[in-house]
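Reproduced below: input.cif, with mmCIF, C-alpha atoms.
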```cif
data_run
#
loop_
_atom_site.label_atom_id
_atom_site.label_comp_id
_atom_site.auth_asym_id
_atom_site.auth_seq_id
_atom_site.Cartn_x
_atom_site.Cartn_y
_atom_site.Cartn_z
CA MET A 161 -52.50 19.18 116.73
CA TYR A 162 -49.69 17.44 118.55
CA LYS A 163 -49.51 14.12 120.36
CA LEU A 164 -46.89 13.03 122.85
CA MET A 165 -45.04 9.83 122.03
CA LYS A 166 -44.03 7.13 124.45
CA ASN A 167 -41.34 5.32 122.56
CA VAL A 168 -39.62 3.22 125.17
CA PRO A 169 -41.67 1.67 127.98
CA GLY A 170 -41.02 3.40 131.26
CA LEU A 171 -39.27 6.45 129.86
CA GLU A 172 -40.77 9.91 129.90
CA SER A 173 -41.80 11.14 126.48
CA SER A 174 -39.20 13.22 124.68
CA VAL A 175 -40.79 13.17 121.24
CA VAL A 176 -43.99 14.79 120.00
CA HIS A 177 -45.92 13.90 116.86
CA LYS A 178 -47.24 16.78 114.74
CA ILE A 179 -50.24 14.99 113.36
CA ASN A 180 -51.14 17.28 110.46
CA ASP A 181 -47.67 17.13 108.92
CA ASP A 182 -46.95 13.58 110.19
CA ILE A 183 -43.53 14.52 111.54
CA PHE A 184 -41.92 13.40 114.79
CA ILE A 185 -40.18 16.15 116.72
CA PRO A 186 -37.46 15.64 119.35
CA PHE A 187 -37.38 17.82 122.43
CA ASP A 188 -34.43 19.96 121.37
CA THR A 189 -34.67 23.73 121.74
CA ALA A 190 -32.43 24.12 118.67
CA ASN A 191 -34.95 22.23 116.52
CA SER A 192 -37.19 24.78 114.77
CA ASP A 193 -40.15 22.37 114.75
CA TYR A 194 -39.78 22.10 118.52
CA GLN A 195 -39.61 25.91 118.78
CA ARG A 196 -42.95 26.05 116.96
CA TYR A 197 -44.37 23.42 119.31
CA LEU A 198 -43.38 25.53 122.31
CA LYS A 199 -45.06 28.53 120.70
CA TRP A 200 -48.20 26.44 120.18
CA LEU A 201 -48.11 25.33 123.83
CA ASP A 202 -48.19 29.04 124.74
CA GLY A 203 -51.52 29.41 122.94
CA TYR A 204 -50.42 30.56 119.49
CA GLU A 205 -51.57 29.26 116.12
CA GLU A 206 -49.48 29.67 112.97
CA THR A 207 -51.47 31.30 110.18
CA HIS A 208 -50.64 32.74 106.78
CA ASN A 209 -50.33 36.10 108.48
CA GLY A 210 -47.95 34.92 111.17
CA TRP A 211 -48.55 33.74 114.72
CA VAL A 212 -51.91 34.58 116.29
CA LYS A 213 -52.65 34.23 120.01
CA THR A 214 -55.80 32.16 120.23
CA SER A 215 -55.84 30.83 123.79
CA ASP A 216 -54.04 30.88 127.12
CA GLY A 217 -52.35 27.65 126.16
CA ASN A 218 -52.67 24.46 124.17
CA THR A 219 -52.30 20.89 125.38
CA PRO A 220 -51.02 17.98 123.30
CA LEU A 221 -52.84 14.67 123.15
CA PRO A 222 -51.47 12.22 125.70
CA ALA A 223 -49.22 9.37 124.70
CA ASP A 224 -50.81 5.98 124.11
CA GLN A 225 -50.96 3.78 127.18
CA GLU A 226 -49.06 0.49 127.26
CA MET B 107 44.11 46.42 94.73
CA PRO B 108 41.68 46.19 91.79
CA VAL B 109 38.39 44.37 92.39
CA THR B 110 36.57 42.67 89.55
CA VAL B 111 32.81 42.34 89.72
CA SER B 112 31.10 40.09 87.22
CA LYS B 113 27.36 40.01 86.48
CA PRO B 114 25.41 37.30 84.68
CA ALA B 115 24.46 38.01 81.16
CA PHE B 116 21.27 40.03 80.91
CA ASN B 117 19.03 39.76 77.89
CA LEU B 118 17.28 43.06 77.64
CA ARG B 119 14.98 41.84 74.83
CA GLU B 120 13.65 38.92 76.93
CA ALA B 121 13.05 41.19 79.90
CA LEU B 122 11.05 43.58 77.78
CA ASN B 123 9.06 40.72 76.24
CA SER B 124 8.12 39.40 79.69
CA LEU B 125 6.62 42.79 80.49
CA ARG B 126 4.48 42.49 77.38
CA ARG B 127 3.28 38.98 78.26
CA LYS B 128 -0.47 38.72 77.82
CA MET B 129 -2.15 38.79 81.18
CA GLY B 130 -5.81 38.08 81.81
CA LEU B 131 -8.16 40.25 83.79
CA LYS B 132 -7.93 38.02 86.87
CA GLY B 133 -4.15 37.89 86.61
CA SER B 134 -4.08 41.66 86.70
CA GLU B 135 -6.40 41.71 89.71
CA ILE B 136 -4.13 39.33 91.60
CA LEU B 137 -1.05 41.42 90.78
CA ARG B 138 -2.87 44.51 92.01
CA ALA B 139 -3.91 42.78 95.25
CA GLU B 140 -2.65 44.58 98.33
CA THR B 141 -3.60 41.88 100.86
CA VAL B 142 -4.14 38.13 101.07
CA ASP B 143 -7.86 38.84 101.44
CA ASP B 144 -7.77 40.71 98.12
CA VAL B 145 -6.32 37.60 96.46
CA TYR B 146 -8.92 35.33 98.03
CA ASN B 147 -11.64 37.64 96.77
CA VAL B 148 -10.39 36.91 93.26
CA ILE B 149 -9.79 33.16 93.51
CA GLY B 150 -12.53 32.35 96.02
CA ARG B 151 -12.40 30.59 99.40
CA ASN B 152 -15.84 29.35 100.26
CA LYS B 153 -16.90 32.91 99.61
CA ASN B 154 -20.53 31.98 98.96
CA LEU B 155 -22.24 31.98 102.34
CA LEU B 156 -25.32 30.33 100.84
CA ILE B 157 -25.76 26.62 100.22
CA ASN B 158 -27.25 25.14 97.05
CA GLY B 159 -27.26 28.53 95.36
CA ASP B 160 -27.25 26.83 91.97
CA MET B 161 -30.33 24.78 92.89
CA ARG B 162 -28.70 21.45 92.07
CA ILE B 163 -29.78 19.54 95.16
CA ASN B 164 -33.32 18.42 95.82
CA GLN B 165 -33.07 15.71 98.47
CA ARG B 166 -36.78 15.90 99.28
CA GLY B 167 -37.35 14.83 95.72
CA GLY B 168 -40.53 16.78 95.10
CA ALA B 169 -41.49 17.48 91.51
CA SER B 170 -43.13 20.60 92.92
CA TYR B 171 -43.80 22.04 96.36
CA THR B 172 -47.23 23.55 96.87
CA ASN B 173 -47.50 24.43 100.57
CA ASP B 174 -46.16 27.64 101.98
CA SER B 175 -43.80 27.85 104.94
CA THR B 176 -42.08 24.63 103.92
CA TYR B 177 -38.64 23.71 102.67
CA THR B 178 -38.33 22.93 98.96
CA LEU B 179 -35.02 22.46 97.17
CA ASP B 180 -32.33 21.99 99.79
CA ARG B 181 -31.96 24.97 102.14
CA TRP B 182 -34.64 27.02 100.35
CA LYS B 183 -37.87 27.70 102.21
CA VAL B 184 -40.96 29.18 100.60
CA GLY B 185 -43.32 31.66 102.21
CA ARG B 186 -46.43 33.47 101.04
CA TYR B 187 -48.45 35.95 103.04
CA ASP B 188 -52.10 35.31 102.48
CA SER B 189 -52.79 31.93 101.03
CA ASN B 190 -51.48 28.42 100.99
CA HIS B 191 -50.84 28.38 97.27
CA VAL B 192 -47.33 28.31 95.95
CA GLN B 193 -45.62 26.25 93.32
CA ILE B 194 -41.89 25.76 93.62
CA SER B 195 -40.02 23.39 91.33
CA GLN B 196 -36.55 22.53 90.10
CA GLN B 197 -36.15 23.19 86.39
CA ALA B 198 -33.49 22.95 83.69
CA SER B 199 -32.14 26.46 83.21
CA GLY B 200 -30.60 26.10 79.77
CA LEU B 201 -27.49 27.83 81.14
CA SER B 202 -24.20 25.97 80.87
CA ALA B 203 -22.87 27.47 84.09
CA PHE B 204 -25.98 26.56 86.08
CA PRO B 205 -27.85 23.56 84.64
CA TYR B 206 -30.62 23.92 87.24
CA CYS B 207 -32.77 26.73 88.50
CA VAL B 208 -35.75 27.12 90.80
CA ARG B 209 -39.10 28.18 89.39
CA ILE B 210 -41.19 30.35 91.72
CA GLN B 211 -44.69 30.16 90.36
CA ASN B 212 -48.11 31.46 91.14
CA PRO B 213 -50.36 28.39 90.73
CA GLN B 214 -52.72 28.44 87.82
CA GLY B 215 -55.99 30.12 88.67
CA GLN B 216 -54.65 31.89 91.71
CA THR B 217 -55.00 35.63 91.94
CA SER B 218 -51.66 37.26 92.14
CA ASN B 219 -51.21 40.71 93.58
CA LEU B 220 -48.82 42.84 95.51
CA ALA B 221 -50.00 41.47 98.83
CA ASN B 222 -49.26 37.87 98.13
CA GLU B 223 -45.82 37.82 96.66
CA ILE B 224 -43.96 34.54 97.04
CA HIS B 225 -40.67 34.50 98.94
CA LEU B 226 -37.90 31.97 98.66
CA ASN B 227 -35.66 32.23 101.70
CA GLN B 228 -32.42 30.92 102.99
CA ALA B 229 -31.32 31.66 106.55
CA LEU B 230 -27.78 31.14 107.77
CA GLU B 231 -27.27 29.72 111.20
CA SER B 232 -25.74 32.01 113.79
CA LEU B 233 -22.40 30.20 113.73
CA ASP B 234 -22.02 31.35 110.11
CA SER B 235 -23.45 34.83 110.60
CA ALA B 236 -21.90 36.65 113.52
CA PHE B 237 -18.62 37.36 111.71
CA THR B 238 -20.47 39.58 109.22
CA ARG B 239 -21.20 42.28 111.81
CA GLY B 240 -20.51 45.72 110.45
CA GLN B 241 -19.42 44.38 107.06
CA GLU B 242 -20.82 44.85 103.59
CA LEU B 243 -22.61 41.87 102.08
CA THR B 244 -23.64 41.47 98.47
CA LEU B 245 -26.42 39.17 97.33
CA SER B 246 -26.36 38.30 93.63
CA PHE B 247 -28.44 35.98 91.48
CA TRP B 248 -29.43 35.16 87.94
CA ALA B 249 -33.09 35.47 87.07
CA ARG B 250 -35.59 35.57 84.26
CA MET B 251 -39.33 35.56 84.06
CA SER B 252 -41.95 33.83 82.00
CA SER B 253 -42.46 35.14 78.52
CA ALA B 254 -46.19 34.49 78.74
CA ALA B 255 -48.36 37.37 77.67
CA GLY B 256 -49.77 39.46 80.46
CA ILE B 257 -46.94 38.73 82.86
CA SER B 258 -44.99 41.92 83.35
CA ARG B 259 -43.83 41.79 86.93
CA GLY B 260 -40.50 41.51 88.60
CA ALA B 261 -38.58 40.37 91.59
CA SER B 262 -37.03 41.75 94.69
CA ALA B 263 -34.01 40.60 96.62
CA THR B 264 -33.61 41.10 100.35
CA ILE B 265 -30.79 40.64 102.82
CA TYR B 266 -32.23 40.52 106.32
CA PHE B 267 -30.65 40.37 109.74
CA GLY B 268 -31.53 39.04 113.17
CA ALA B 269 -29.99 39.34 116.61
CA GLY B 270 -31.26 35.98 117.84
CA THR B 271 -29.71 32.56 117.66
CA ASP B 272 -30.97 30.32 114.87
CA ASN B 273 -34.44 31.87 114.89
CA TYR B 274 -36.65 30.46 112.18
CA VAL B 275 -37.85 32.46 109.20
CA ASP B 276 -41.35 33.75 108.61
CA TYR B 277 -41.92 34.81 105.00
CA ASP B 278 -38.93 37.11 104.53
CA TYR B 279 -37.68 37.98 107.99
CA PHE B 280 -36.68 36.28 111.20
CA ALA B 281 -39.62 35.35 113.37
CA ALA B 282 -37.98 36.98 116.38
CA ASN B 283 -35.20 39.48 117.01
CA ALA B 284 -35.20 41.02 113.52
CA VAL B 285 -32.77 43.95 113.38
CA GLY B 286 -32.90 45.14 109.80
CA ALA B 287 -33.34 44.38 106.13
CA VAL B 288 -32.29 45.86 102.80
CA SER B 289 -34.33 45.17 99.66
CA LYS B 290 -34.08 46.08 96.02
CA ASN B 291 -36.64 45.65 93.25
CA PHE B 292 -35.82 44.46 89.76
CA SER B 293 -37.72 44.39 86.49
CA LEU B 294 -37.09 41.04 84.86
CA ASP B 295 -37.50 39.91 81.31
CA ALA B 296 -37.37 36.53 79.58
CA THR B 297 -33.57 36.57 79.28
CA TRP B 298 -31.23 35.41 82.01
CA LYS B 299 -29.53 38.38 83.68
CA ARG B 300 -27.59 38.87 86.87
CA TYR B 301 -28.86 41.18 89.62
CA SER B 302 -27.44 42.20 92.98
CA VAL B 303 -28.10 44.11 96.17
CA THR B 304 -25.65 45.20 98.88
CA ALA B 305 -26.25 45.80 102.59
CA VAL B 306 -24.23 46.48 105.71
CA ALA B 307 -24.83 44.03 108.54
CA PRO B 308 -25.89 45.80 111.75
CA THR B 309 -23.39 45.45 114.60
CA SER B 310 -25.98 43.43 116.54
CA THR B 311 -26.22 40.82 113.76
CA ASN B 312 -26.24 37.22 114.90
CA GLN B 313 -28.15 35.80 111.94
CA VAL B 314 -28.29 36.60 108.25
CA GLY B 315 -30.92 35.55 105.75
CA VAL B 316 -31.78 36.26 102.14
CA ALA B 317 -35.01 36.21 100.18
CA ILE B 318 -35.74 36.25 96.48
CA THR B 319 -39.30 37.38 96.00
CA LYS B 320 -41.62 36.93 93.07
CA TYR B 321 -43.07 40.37 93.10
CA ASN B 322 -46.54 40.18 91.64
CA GLY B 323 -49.01 42.44 89.99
CA SER B 324 -52.68 41.73 89.41
CA VAL B 325 -52.73 38.53 87.44
CA THR B 326 -55.38 35.86 87.64
CA GLY B 327 -55.49 32.46 86.09
CA GLN B 328 -52.23 32.63 84.18
CA THR B 329 -50.71 29.24 83.49
CA ASN B 330 -47.15 30.55 83.30
CA ASP B 331 -46.95 33.18 85.99
CA TYR B 332 -43.44 32.53 87.24
CA ILE B 333 -39.87 33.68 87.64
CA GLU B 334 -36.78 31.45 87.58
CA VAL B 335 -33.69 31.97 89.70
CA THR B 336 -30.26 30.37 90.00
CA GLY B 337 -26.64 31.17 90.82
CA VAL B 338 -27.56 32.82 94.11
CA GLN B 339 -24.55 34.02 96.05
CA LEU B 340 -24.07 35.99 99.27
CA GLU B 341 -20.54 37.22 99.87
CA LEU B 342 -18.56 39.77 101.80
CA GLY B 343 -17.88 43.01 99.96
CA SER B 344 -19.75 45.49 97.86
CA VAL B 345 -19.25 43.79 94.50
CA ALA B 346 -20.80 40.62 93.08
CA THR B 347 -17.88 38.42 92.07
CA PRO B 348 -18.21 35.29 89.89
CA PHE B 349 -20.38 32.53 91.33
CA GLU B 350 -18.42 30.00 93.34
CA TYR B 351 -18.90 26.49 92.01
CA ARG B 352 -18.48 23.72 94.57
CA PRO B 353 -18.18 19.97 93.81
CA TYR B 354 -21.48 18.11 94.11
CA GLN B 355 -20.38 15.97 97.08
CA GLN B 356 -19.24 19.04 98.98
CA GLU B 357 -22.50 20.85 98.31
CA LEU B 358 -24.52 17.77 99.29
CA ALA B 359 -22.63 17.44 102.58
CA LEU B 360 -23.32 21.10 103.35
CA CYS B 361 -27.02 20.46 102.73
CA GLN B 362 -27.03 17.36 104.92
CA ARG B 363 -26.20 19.39 107.99
CA TYR B 364 -29.78 20.67 107.68
CA PHE B 365 -31.67 17.88 105.95
CA TYR B 366 -30.77 14.26 105.28
CA ALA B 367 -32.95 12.07 103.10
CA ILE B 368 -32.60 8.35 102.63
CA ASN B 369 -34.43 7.78 99.38
CA GLY B 370 -34.74 4.04 98.93
CA VAL B 371 -36.39 1.35 96.89
CA ILE B 372 -37.31 -2.19 97.90
CA GLY B 373 -34.37 -3.92 99.51
CA ASP B 374 -32.27 -0.82 100.21
CA ARG B 375 -30.72 -1.11 103.66
CA VAL B 376 -31.34 1.69 106.13
CA GLY B 377 -29.56 0.61 109.31
CA SER B 378 -29.28 -1.93 112.07
CA GLY B 379 -30.45 -2.25 115.66
CA PHE B 380 -31.96 -4.68 118.11
CA VAL B 381 -35.28 -6.31 118.99
CA PHE B 382 -36.07 -5.83 122.66
CA SER B 383 -39.59 -7.27 122.91
CA ALA B 384 -42.11 -9.21 120.85
CA THR B 385 -43.46 -5.93 119.48
CA ASN B 386 -40.63 -3.39 119.70
CA ALA B 387 -37.30 -2.83 118.01
CA ILE B 388 -34.91 0.08 117.87
CA GLY B 389 -33.12 0.87 114.60
CA PHE B 390 -30.22 3.28 114.27
CA ILE B 391 -29.37 5.67 111.45
CA SER B 392 -25.94 7.30 111.47
CA HIS B 393 -25.98 10.77 109.96
CA PRO B 394 -23.39 11.36 107.20
CA VAL B 395 -22.48 14.70 108.80
CA VAL B 396 -23.20 16.20 112.20
CA MET B 397 -26.55 17.91 111.90
CA ARG B 398 -27.31 21.42 113.14
CA ALA B 399 -29.80 20.17 115.75
CA SER B 400 -31.51 16.95 116.71
CA PRO B 401 -33.61 16.32 113.60
CA SER B 402 -37.33 15.83 113.15
CA LEU B 403 -38.38 12.67 111.33
CA PHE B 404 -40.81 11.74 108.60
CA VAL B 405 -41.20 8.34 106.96
CA THR B 406 -43.11 7.48 103.79
CA SER B 407 -42.40 3.78 103.36
CA GLN B 408 -42.93 0.57 105.26
CA MET B 409 -39.83 -1.22 106.52
CA ASP B 410 -38.91 -4.83 107.03
CA ILE B 411 -36.94 -6.06 110.01
CA ASN B 412 -34.76 -9.11 109.55
CA ASP B 413 -33.12 -10.71 112.59
CA SER B 414 -31.24 -13.28 110.43
CA ILE B 415 -33.86 -15.95 111.24
CA ASN B 416 -37.19 -14.28 110.54
CA GLY B 417 -38.52 -11.20 108.81
CA TYR B 418 -41.20 -8.81 110.05
CA THR B 419 -43.01 -5.99 108.27
CA VAL B 420 -43.44 -2.61 109.94
CA SER B 421 -45.95 -0.22 108.39
CA ALA B 422 -44.82 3.35 107.75
CA ALA B 423 -47.16 4.53 110.51
CA ASN B 424 -45.33 2.33 112.99
CA VAL B 425 -41.92 3.74 112.18
CA THR B 426 -41.54 6.65 114.59
CA LEU B 427 -38.85 8.59 116.37
CA ASN B 428 -37.34 7.08 119.47
CA LYS B 429 -34.48 9.51 120.05
CA ALA B 430 -32.59 11.94 117.90
CA ASP B 431 -29.17 13.45 118.38
CA LYS B 432 -27.05 15.56 116.07
CA HIS B 433 -25.01 12.57 114.92
CA MET B 434 -27.46 9.67 115.13
CA THR B 435 -31.17 8.95 115.09
CA ALA B 436 -32.91 6.00 116.73
CA LEU B 437 -36.15 4.81 115.19
CA SER B 438 -38.90 2.97 117.02
CA LEU B 439 -40.19 0.06 114.91
CA VAL B 440 -43.37 -1.60 116.14
CA THR B 441 -44.77 -4.86 114.82
CA SER B 442 -45.67 -8.23 116.35
CA GLY B 443 -44.36 -11.75 116.84
CA MET B 444 -40.69 -10.91 117.16
CA THR B 445 -38.24 -12.79 119.35
CA ALA B 446 -36.14 -10.80 121.81
CA PRO B 447 -33.36 -10.10 122.34
CA ARG B 448 -31.91 -10.24 118.86
CA GLY B 449 -29.90 -8.02 116.60
CA MET B 450 -31.53 -6.97 113.36
CA GLN B 451 -31.23 -4.98 110.16
CA PHE B 452 -34.06 -3.01 108.59
CA TYR B 453 -34.70 -1.98 105.00
CA PHE B 454 -37.23 -0.56 102.56
CA THR B 455 -39.97 -2.93 101.46
CA GLY B 456 -42.84 -0.65 100.50
CA GLY B 457 -41.53 0.50 97.15
CA ALA B 458 -39.79 3.81 96.70
CA GLY B 459 -39.92 5.82 99.87
CA THR B 460 -38.12 8.33 101.99
CA ILE B 461 -36.85 8.67 105.51
CA GLY B 462 -36.35 12.37 106.06
CA LEU B 463 -34.42 13.96 108.91
CA SER B 464 -34.76 17.72 109.22
CA ALA B 465 -32.67 20.10 111.30
CA GLU B 466 -33.56 23.13 109.20
CA ILE B 467 -33.72 26.60 110.68
#
```
Take the structure from the file and write it as structure tokens.
Amino acid sequence: MYKLMKNVPGLESSVVHKINDDIFIPFDTANSDYQRYLKWLDGYEETHNGWVKTSDGNTPLPADQE
Amino acid sequence: MPVTVSKPAFNLREALNSLRRKMGLKGSEILRAETVDDVYNVIGRNKNLLINGDMRINQRGGASYTNDSTYTLDRWKVGRYDSNHVQISQQASGLSAFPYCVRIQNPQGQTSNLANEIHLNQALESLDSAFTRGQELTLSFWARMSSAAGISRGASATIYFGAGTDNYVDYDYFAANAVGAVSKNFSLDATWKRYSVTAVAPTSTNQVGVAITKYNGSVTGQTNDYIEVTGVQLELGSVATPFEYRPYQQELALCQRYFYAINGVIGDRVGSGFVFSATNAIGFISHPVVMRASPSLFVTSQMDINDSINGYTVSAANVTLNKADKHMTALSLVTSGMTAPRGMQFYFTGGAGTIGLSAEI
């Protein structure tokens, strides 16, 4: 599961938190963690047998409110 | 009119002796070289396309790595098809040329069979791959296996190719745009030996990767079901030439393009920044080298902020990513009671811990 981060008040989120691995991922298409996040948004889950389409799309948890 | 021509004295004996001068194998190879490239192939010129092939560098610091699809020793990623059980560790090799090796192990009690071999991968980024198009590449490595009774398996080595740009690796191939692979199986024994495989890069190649695979049989519950590997080299040409040794600092800098760890203990400084509200501060970390991409962040230790007047503790959970670029990362540090605006420094206070920045493929 992923959660959007709101790091600086007033700025749109550009970081997402991958909760299970406790890593913070910048929105950079060259970042392989971000590539996986985009795949997850498209409805895929990463399994031991590769990517499996499980839904039409996934939605991250919203960022905390101020 | 007579013309006199004089020649310097010529010592025929010395000339003959110079022809008999003892010349080593490499000296002979250089004399036989037809091109500059031939000479470089003898003396080396960053010929090893892989990084940390001698398994010296372990910035993540793990004594062992037990989850699949994760990075382990620097630049080496593990994958396993059908379970989440792997055991990867850095070990002493006992070899003078390569003091360290990687152990690829089936965890104790885990069934091991042909379907769940364990892969250790390294993928090159596209900027270091495209020039290989249409050329021969040779992957070589030193390996041995456990001498435990009942373990009689082997390994395979694969060179695989992709047409994409910096696609990530799944198991032993690129997750997208794969365009070919060449594998070779080897029967190992308990003695270190060198093995190699050669492939021709397809003309559509934009990414190259390699995998060393622990190729299992049907073994259950063995405590020492492993192979060990070191001295891994990928080079142009059809022949495995001697492993290219690089100085530690050079190898570390190569690794830091993909992963940078600040491993600190209490009091170790991390960076500086500014306090901009009673609860928020931004701290900056300059990367030692330009990273491949904006890195992901993980933090395992609490930090302290000191603004030269007061100190404030920030739990590890409140150290998050504010913004990452290839050359610098900004951390968000959240606590309470601070005075803004002030400059500050921040440092480890939670014991030994790690700030990890990953731009791996």
- the PyMOL selection byres ((chain B) within 9 of (chain A)) resolved against shown file, as number ranges by chain: B: 174-175, 185-190, 271-274, 276-277, 281, 386, 398-405, 426-431, 438, 464-467
- Message: as a VMD selection string, please: the residues near stretch 290-299 of chain B (cut-off 6 Å, all atoms listed in the file, same-chain neighbours under 2 positions excluded).
- Response: chain B and resid 248 to 253 260 to 263
Generate the output file for the selected residues, C-alpha atoms, as a compact mmCIF listing (two decimals), keeping the file's coordinate frame.
```txt
# COMPACT_ATOMS: atom_id res chain seq x y z
CA TRP B 248 -29.43 35.16 87.94
CA ALA B 249 -33.09 35.47 87.07
CA ARG B 250 -35.59 35.57 84.26
CA MET B 251 -39.33 35.56 84.06
CA SER B 252 -41.95 33.83 82.00
CA SER B 253 -42.46 35.14 78.52
CA GLY B 260 -40.50 41.51 88.60
CA ALA B 261 -38.58 40.37 91.59
CA SER B 262 -37.03 41.75 94.69
CA ALA B 263 -34.01 40.60 96.62
```
- Reference answer for the PyMOL selection byres ((chain A and resi 204) around 9), as a ChimeraX atom specification: /A:199-203,205-206,211-218
Those residues with C-alpha atoms, as a compact mmCIF listing (two decimals), keeping the file's coordinate frame please?
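Output file again21.txt is given in full below:
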```txt
# COMPACT_ATOMS: atom_id res chain seq x y z
CA LYS A 199 -45.06 28.53 120.70
CA TRP A 200 -48.20 26.44 120.18
CA LEU A 201 -48.11 25.33 123.83
CA ASP A 202 -48.19 29.04 124.74
CA GLY A 203 -51.52 29.41 122.94
CA GLU A 205 -51.57 29.26 116.12
CA GLU A 206 -49.48 29.67 112.97
CA TRP A 211 -48.55 33.74 114.72
CA VAL A 212 -51.91 34.58 116.29
CA LYS A 213 -52.65 34.23 120.01
CA THR A 214 -55.80 32.16 120.23
CA SER A 215 -55.84 30.83 123.79
CA ASP A 216 -54.04 30.88 127.12
CA GLY A 217 -52.35 27.65 126.16
CA ASN A 218 -52.67 24.46 124.17
```
- Computed interatomic separation between atom CA of B:Val316 and atom CA of B:Leu358 (Å): 20.1 Å
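Note that the spacing between atom CA of B:Val440 and atom CA of B:Met397 amounts to 26.1 Å.
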- Task: Go through the shown structure with the PyMOL selection byres ((chain B and resi 154) around 7) and write out the matching residues as a VMD selection string.
- Result: chain B and resid 152 to 153 155 to 156 339 to 341 350
Just C-alpha atoms for this one: save the residues we selected as a CSV table (one decimal), in the frame of the given file.
```
chain,number,residue,atom,x,y,z
B,152,ASN,CA,-15.8,29.4,100.3
B,153,LYS,CA,-16.9,32.9,99.6
B,155,LEU,CA,-22.2,32.0,102.3
B,156,LEU,CA,-25.3,30.3,100.8
B,339,GLN,CA,-24.6,34.0,96.0
B,340,LEU,CA,-24.1,36.0,99.3
B,341,GLU,CA,-20.5,37.2,99.9
B,350,GLU,CA,-18.4,30.0,93.3
```
- Message: Just want the 12 Å neighbourhood of B:Gly315, counted on all atoms listed in the file, with same-chain residues fewer than 2 positions away dropped. Output as a PyMOL selection string.
- Response: chain B and resi 155-157+181-183+225-232+234-236+238+243-245+263-269+272-281+284-289+305+307+311-313+317-318+339-340+467
Hey, could you make a per-residue contact list for stretch 178-253 of chain B against stretch 169-172 of chain B with 10 Å as the cut-off, showing the nearest pair of atoms and its distance in Å to one decimal, counting only C-alpha atoms, sorted by chain and number, as a Markdown table?
```
| residue | atom | partner | partner_atom | distance |
| --- | --- | --- | --- | --- |
| B:Thr178 | CA | B:Tyr171 | CA | 6.1 |
| B:Leu179 | CA | B:Tyr171 | CA | 8.8 |
| B:Val184 | CA | B:Tyr171 | CA | 8.8 |
| B:Asn190 | CA | B:Thr172 | CA | 7.7 |
| B:His191 | CA | B:Thr172 | CA | 6.0 |
| B:Val192 | CA | B:Thr172 | CA | 4.8 |
| B:Gln193 | CA | B:Thr172 | CA | 4.7 |
| B:Ile194 | CA | B:Tyr171 | CA | 5.0 |
| B:Ser195 | CA | B:Ser170 | CA | 4.5 |
| B:Gln196 | CA | B:Ala169 | CA | 7.2 |
| B:Gln197 | CA | B:Ala169 | CA | 9.3 |
| B:Arg209 | CA | B:Ser170 | CA | 9.3 |
| B:Ile210 | CA | B:Tyr171 | CA | 9.9 |
| B:Gln211 | CA | B:Thr172 | CA | 9.6 |
| B:Asn212 | CA | B:Thr172 | CA | 9.8 |
| B:Pro213 | CA | B:Thr172 | CA | 8.4 |
```
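For the atom pair formed by atom CA of B:Arg300 and atom CA of B:Tyr364, the distance is 27.7 Å, given to one decimal.
Residue neighbourhood of A:Pro222, excluding near-sequence residues (fewer than 3 positions): Lys163, Leu164, Met165, Thr219 and Gln225 of chain A, at 9 Å, using only C-alpha atoms.
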